[in-house]
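Before any comments, here is the structure.
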Amino acid sequence: MVAEVNELSREEIAQAVAGYSFEVKREEKKETLPELSNVGREVVMRFAPNPSGPLHLGHARAAVLNDAYVKRYGGKLILRLEDTDPARVYPPAYEMIQEDLRWLGVEVHDVVIQSSRLEIYYEHARKLIEQGHAYVCECSAEEFQRLKLDRQECEHRGKSIRENMADFERMFTEYKEGEAVLRLKTGVDLRDPAMRDFPIMRISETPHPRVNARVYPLMNFSVAVDDHLLGITHVLRGKDHIVNTRKQEFIYRFFGWEMPEFIHYGRLKIEGVALSTSKIKEGIEAGRYTGWDDASLGTLRALARRGFRSEAIRRAMLEVGIKQSDISFSWKNLFAYNRELLEPIANRYFFVASPVEVEIHGMPEFSRDVRLHPDYPERGSRTLVLKPERGVGSVFIAKSDYEKLREGSFVRLMEGFNIEILEKGREKARARFHSLELDEAKRRRAKLIHWVPAQDRVAVEVIKPEGRDEGYGEAALKKVKRDDVVQFERYGFARIDRAGKGVVAYYAHP
RNA sequence: GCUCCGGUAGUGUAGCCCGGCCAAUCAUGCCGGCCUUUCGAGCCGGCGACUCGGGUUCGAAUCCCGACCGGAGCACCA
């Protein structure tokens with residue numbers, strides 16, 4: 001039976017199988033994420049980035065995990081853009097973030113922008129003042145910190161509700177930036193100094209790109225108000241927010257609201273790429289990066305440009321999960337997931353980095369069709385041609401291969417023929433044609449190296465995260481299109497960024 | 001310093017809540033074999049971990065205590 005099936009060609013198998021339907025193994029199927037607790041009602045979750053730049057790998061975790069849970073429970077995901085610090089708003093980010101989410105396959109049901117909700121925060125702040133839970137404080141940050149660490153109340157704490165109401169209105173008109181904040185009256189003798197009378201509203205005179213305002217809620221306030229008003233049932237976020245969750249608990253208590261479920265995941269250490277949006281922005285302005293999709297960045301658009309599929313990133317993030325312990329993100333694992341997706345679609349080509357010429361004497365006419373993909377003959381083939389002049393043919397090989405050659409070395413040019421090195425110079429080698437048969441190469445355990453005929457080649461530049469490789473590609477590369485993902489044999493996967501006479505490819509991984 | 005978390009193979013992860021079925025799962029990685037005109041894929045096999053020390057218990061990766069290590073927070077950022 002097995003032998004019988006093995007006799008069949010790929011197409012025959014495809015035909016035989018076409019009649020059956022298979023349950024597609026989706027990522028959620030072997031998902032290891034734990035169940036959420038308290039999922040009686042509809043699950044509503046949110047992804048709440050700061051619009052300071054496009055999304056990066058760190059964001060992907062929160063986005064994918066929220067999305068996965070919402071999909072599992074048939075709930076709703078709200079994208080909330082937290083732009084209450086005008087100094088940190090990068091206007092194009094509002095759109096970029098949504099593009100990135102679409103690319104990631106994250107389904108957003110609703111978009112909320114905090115700067116459009118300032119009135120709501122003001123109203124809630126007034127309520128807190130009326131209830132005696134908040135006061136306007138004129139201490140400088142340093143002054144207050146000193147008192148706080150000393151468990152001392154400041155002189156403003158004892159003001160009447162009427163005074164506080166009046167002073168709050170003065171925040172909109174009279175006080176300058178830094179002169180007053182609204183503080184929540186949590187207590188100055190709380191065990192954790194971070195909890196003591198923390199501020200919930202402040203003044204910023206930095207112009208906001210979307211609204212004309214000067215009083216803004218601080219994160220803990222707007223987050224609590226929004227999470228409640230938007231009906232968020234489960235909050236998934238990094239453990240750097242654990243303290244914020246406890247701060248927000250005060251707000252829920254003062255309003256008599258029910259807390260959502262909070263889940264805090266640990267830090268994800270990602271090596272080798274720049275992630276901080278502010279640093280990236282600086283770098284772009286300084287010309288150190290070509291843009292938000294510079295190959296050395298960890299932004300989603302940079303990964304996309306290099307040929308990463310969003311499914312691979314999703315899988316990596318689901319694998320990482322929501323544990324509270326810190327973890328090191330492994331590029332190798334991501335590479336493996338991505339390779340699995342790319343391998344069947346990437347056609348094979350030869351590309352020699354830092355080319356060195358090898359002159360082959362006694363070379364007969366050579367031409368051979370080679371499959372674009374070894375497993376899919378139906379995709380067609382490319383042709384490797386070497387036309388010798390007076391018995392001398394010329395090819396390029398990669399410098400890394402060239403360095404391993406010695407005089408007398410016997411190597412096989414892949415998909416081609418066997419040669420023997422006669423003379424190895426600094427910039428060029430002389431070799432002689434030996435034979436055509438692969439068996440001969442196998443018998444001698446010859447190294448197989450890729451190559452490009454000198455007479456028919458295309459200039460290729462490969463942009464890598466850590467630099468660039470320049471070299472030649474085989475002539476068939478003239479026909480690749482932008483966005484094709486190819487496999488340069490013995491080199492790695494890359495996405496074609498510019499097609500045509502001069503190919504530019506962005507390197508993904510081996 | 002104060003407050004609060006966490007520690008399963010190189011990496012990630014399951015198991016821990018409700019102790020025995022765990023001489024610990026899966027993936028990735030690495031090594032070897034088969035196959036293959038490379039790399040990769042595929043198939044087969046292998047390597048590799050419960051941070052340490054006490055305690056509870058017939059029995060502990062799982063519960064308790066301590067140590068060690070790692071992390072977060074102590075902003076008028078999010």
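Convention: chains lettered A, B, ... in structure tokens order; per-chain residue numbering from 1; ligands numbered from 1 as shown.
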Please list as an MDAnalysis selection string every residue within 12 Å of B:G12, counting only C-alpha atoms (C1' of nucleotides) and excluding residues in the same chain fewer than 4 positions away. (chainID A and resid 268 315:321 323 326:334) or (chainID B and resid 8 26:29)
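Set the cut-off at 6 Å, count only C-alpha atoms (C1' of nucleotides), and the residues of chain B near chain A turn out to be B:U3, B:G6, B:U11, B:U28, B:U37, B:U38, B:C39, B:A72, B:C74, B:C76.
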As a ChimeraX atom specification, please: all residues of stretch 48-231 of chain A that backbone DSSP puts in helix (DSSP H, G or I). /A:57-73,86-88,93-104,114-130,141-149,161-173,193-195,219-229
Would you please give, as a PDB file with C-alpha atoms, in the first residue's frame, all residues of stretch 185-371 of chain A that DSSP assigns to strand (DSSP E) based on the backbone?
ATOM      1  CA  PRO A 199      -1.415  61.964  40.611  1.00  0.00           C
ATOM      2  CA  ILE A 200      -4.234  61.392  38.147  1.00  0.00           C
ATOM      3  CA  MET A 201      -4.346  64.643  36.171  1.00  0.00           C
ATOM      4  CA  ARG A 202      -1.668  67.006  35.038  1.00  0.00           C
ATOM      5  CA  ILE A 203      -1.056  69.986  32.803  1.00  0.00           C
ATOM      6  CA  VAL A 215      -5.142  69.199  31.128  1.00  0.00           C
ATOM      7  CA  TYR A 216      -4.577  65.494  30.599  1.00  0.00           C
ATOM      8  CA  PRO A 217      -5.328  62.409  32.632  1.00  0.00           C
ATOM      9  CA  HIS A 234      -9.899  40.914  30.871  1.00  0.00           C
ATOM     10  CA  VAL A 235      -6.743  42.943  30.769  1.00  0.00           C
ATOM     11  CA  LEU A 236      -3.596  41.371  29.442  1.00  0.00           C
ATOM     12  CA  ARG A 237      -0.435  43.336  29.937  1.00  0.00           C
ATOM     13  CA  GLY A 238       3.197  43.264  30.969  1.00  0.00           C
ATOM     14  CA  GLU A 261      -9.482  40.243  35.424  1.00  0.00           C
ATOM     15  CA  PHE A 262      -5.842  41.203  35.130  1.00  0.00           C
ATOM     16  CA  ILE A 263      -3.133  38.997  33.693  1.00  0.00           C
ATOM     17  CA  HIS A 264       0.452  40.146  33.722  1.00  0.00           C
ATOM     18  CA  TYR A 265       3.039  38.518  31.537  1.00  0.00           C
ATOM     19  CA  LEU A 268      10.391  39.563  26.740  1.00  0.00           C
ATOM     20  CA  LYS A 269      14.057  40.133  26.155  1.00  0.00           C
ATOM     21  CA  ILE A 327      11.960  35.122  28.897  1.00  0.00           C
ATOM     22  CA  SER A 328      14.497  35.576  26.169  1.00  0.00           C
ATOM     23  CA  ASN A 347      12.143  29.484  -5.442  1.00  0.00           C
ATOM     24  CA  ARG A 348      15.848  28.672  -5.485  1.00  0.00           C
ATOM     25  CA  TYR A 349      18.524  30.780  -7.049  1.00  0.00           C
ATOM     26  CA  PHE A 351      23.692  34.251  -5.387  1.00  0.00           C
ATOM     27  CA  VAL A 352      27.399  34.663  -4.732  1.00  0.00           C
ATOM     28  CA  ALA A 353      28.349  37.213  -2.129  1.00  0.00           C
ATOM     29  CA  PRO A 355      32.297  37.230  -5.888  1.00  0.00           C
ATOM     30  CA  VAL A 356      35.671  35.900  -6.946  1.00  0.00           C
ATOM     31  CA  GLU A 357      36.347  34.746 -10.483  1.00  0.00           C
ATOM     32  CA  VAL A 358      37.378  31.255 -11.441  1.00  0.00           C
ATOM     33  CA  GLU A 359      38.607  30.644 -14.956  1.00  0.00           C
ATOM     34  CA  ILE A 360      37.953  27.139 -16.193  1.00  0.00           C
ATOM     35  CA  HIS A 361      40.166  25.718 -18.908  1.00  0.00           C
ATOM     36  CA  PHE A 366      27.431  23.805 -20.959  1.00  0.00           C
ATOM     37  CA  SER A 367      23.724  24.340 -20.519  1.00  0.00           C
ATOM     38  CA  ARG A 368      21.371  22.826 -18.034  1.00  0.00           C
ATOM     39  CA  ASP A 369      17.813  23.335 -16.847  1.00  0.00           C
ATOM     40  CA  VAL A 370      17.395  23.358 -13.111  1.00  0.00           C
ATOM     41  CA  ARG A 371      14.134  23.388 -11.206  1.00  0.00           C
TER      42      ARG A 371
END
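Computed from the coordinates, the atom CA of A:Gly74 to atom CA of A:Asp110 distance equals 14.6 Å.
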May I have the residues within 8 Å of A:Asp100 as a ChimeraX atom specification, using only C-alpha atoms (C1' of nucleotides) and disregarding those fewer than 2 positions away in the same chain? /A:54-55,96-98,102-104,300-301
Excluding B:C16 and residues on its chain fewer than 5 positions from it, collect all residues at most 12 Å away from it, counting only C-alpha atoms (C1' of nucleotides), and give them as a PyMOL selection string. chain B and resi 8+22+50+60-63
For stretch 225-233 of chain A, find every residue with an atom within 8 Å (counting only C-alpha atoms (C1' of nucleotides)), except residues of its own chain fewer than 6 positions away, and show them as a count of residues only. 12
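Those residues that approach B:U25 to within 9 Å, counting only C-alpha atoms (C1' of nucleotides), are B:U13, B:A14, B:G15; same-chain residues fewer than 5 positions away are not listed.
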Write to file, as a PDB file, in the first residue's frame, the residues of the selection just made, with N, CA, C and O atoms (P, O5', C5', C4', C3', O3' and C1' of nucleotides).
ATOM      1  P     U B  13       8.476  30.358  28.108  1.00  0.00           P
ATOM      2  O5'   U B  13       7.661  29.052  27.690  1.00  0.00           O
ATOM      3  C5'   U B  13       6.478  29.172  26.917  1.00  0.00           C
ATOM      4  C4'   U B  13       5.962  27.803  26.576  1.00  0.00           C
ATOM      5  C3'   U B  13       5.430  26.988  27.747  1.00  0.00           C
ATOM      6  O3'   U B  13       4.102  27.365  28.061  1.00  0.00           O
ATOM      7  C1'   U B  13       6.849  25.635  26.450  1.00  0.00           C
ATOM      8  P     A B  14       3.548  27.136  29.474  1.00  0.00           P
ATOM      9  O5'   A B  14       3.268  25.561  29.496  1.00  0.00           O
ATOM     10  C5'   A B  14       2.260  25.038  28.649  1.00  0.00           C
ATOM     11  C4'   A B  14       2.144  23.547  28.823  1.00  0.00           C
ATOM     12  C3'   A B  14       1.884  23.055  30.232  1.00  0.00           C
ATOM     13  O3'   A B  14       0.530  23.240  30.581  1.00  0.00           O
ATOM     14  C1'   A B  14       3.435  21.647  29.137  1.00  0.00           C
ATOM     15  P     G B  15       0.087  23.734  32.000  1.00  0.00           P
ATOM     16  O5'   G B  15       0.539  22.520  32.925  1.00  0.00           O
ATOM     17  C5'   G B  15      -0.142  21.270  32.857  1.00  0.00           C
ATOM     18  C4'   G B  15       0.668  20.234  33.583  1.00  0.00           C
ATOM     19  C3'   G B  15       0.889  20.525  35.067  1.00  0.00           C
ATOM     20  O3'   G B  15      -0.207  20.036  35.822  1.00  0.00           O
ATOM     21  C1'   G B  15       2.912  19.780  34.045  1.00  0.00           C
TER      22        G B  15
END
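Proximity ranking of B:G70, B:G20, B:U57, B:G32 relative to B:C44 places B:G32 first, based on only C-alpha atoms (C1' of nucleotides).
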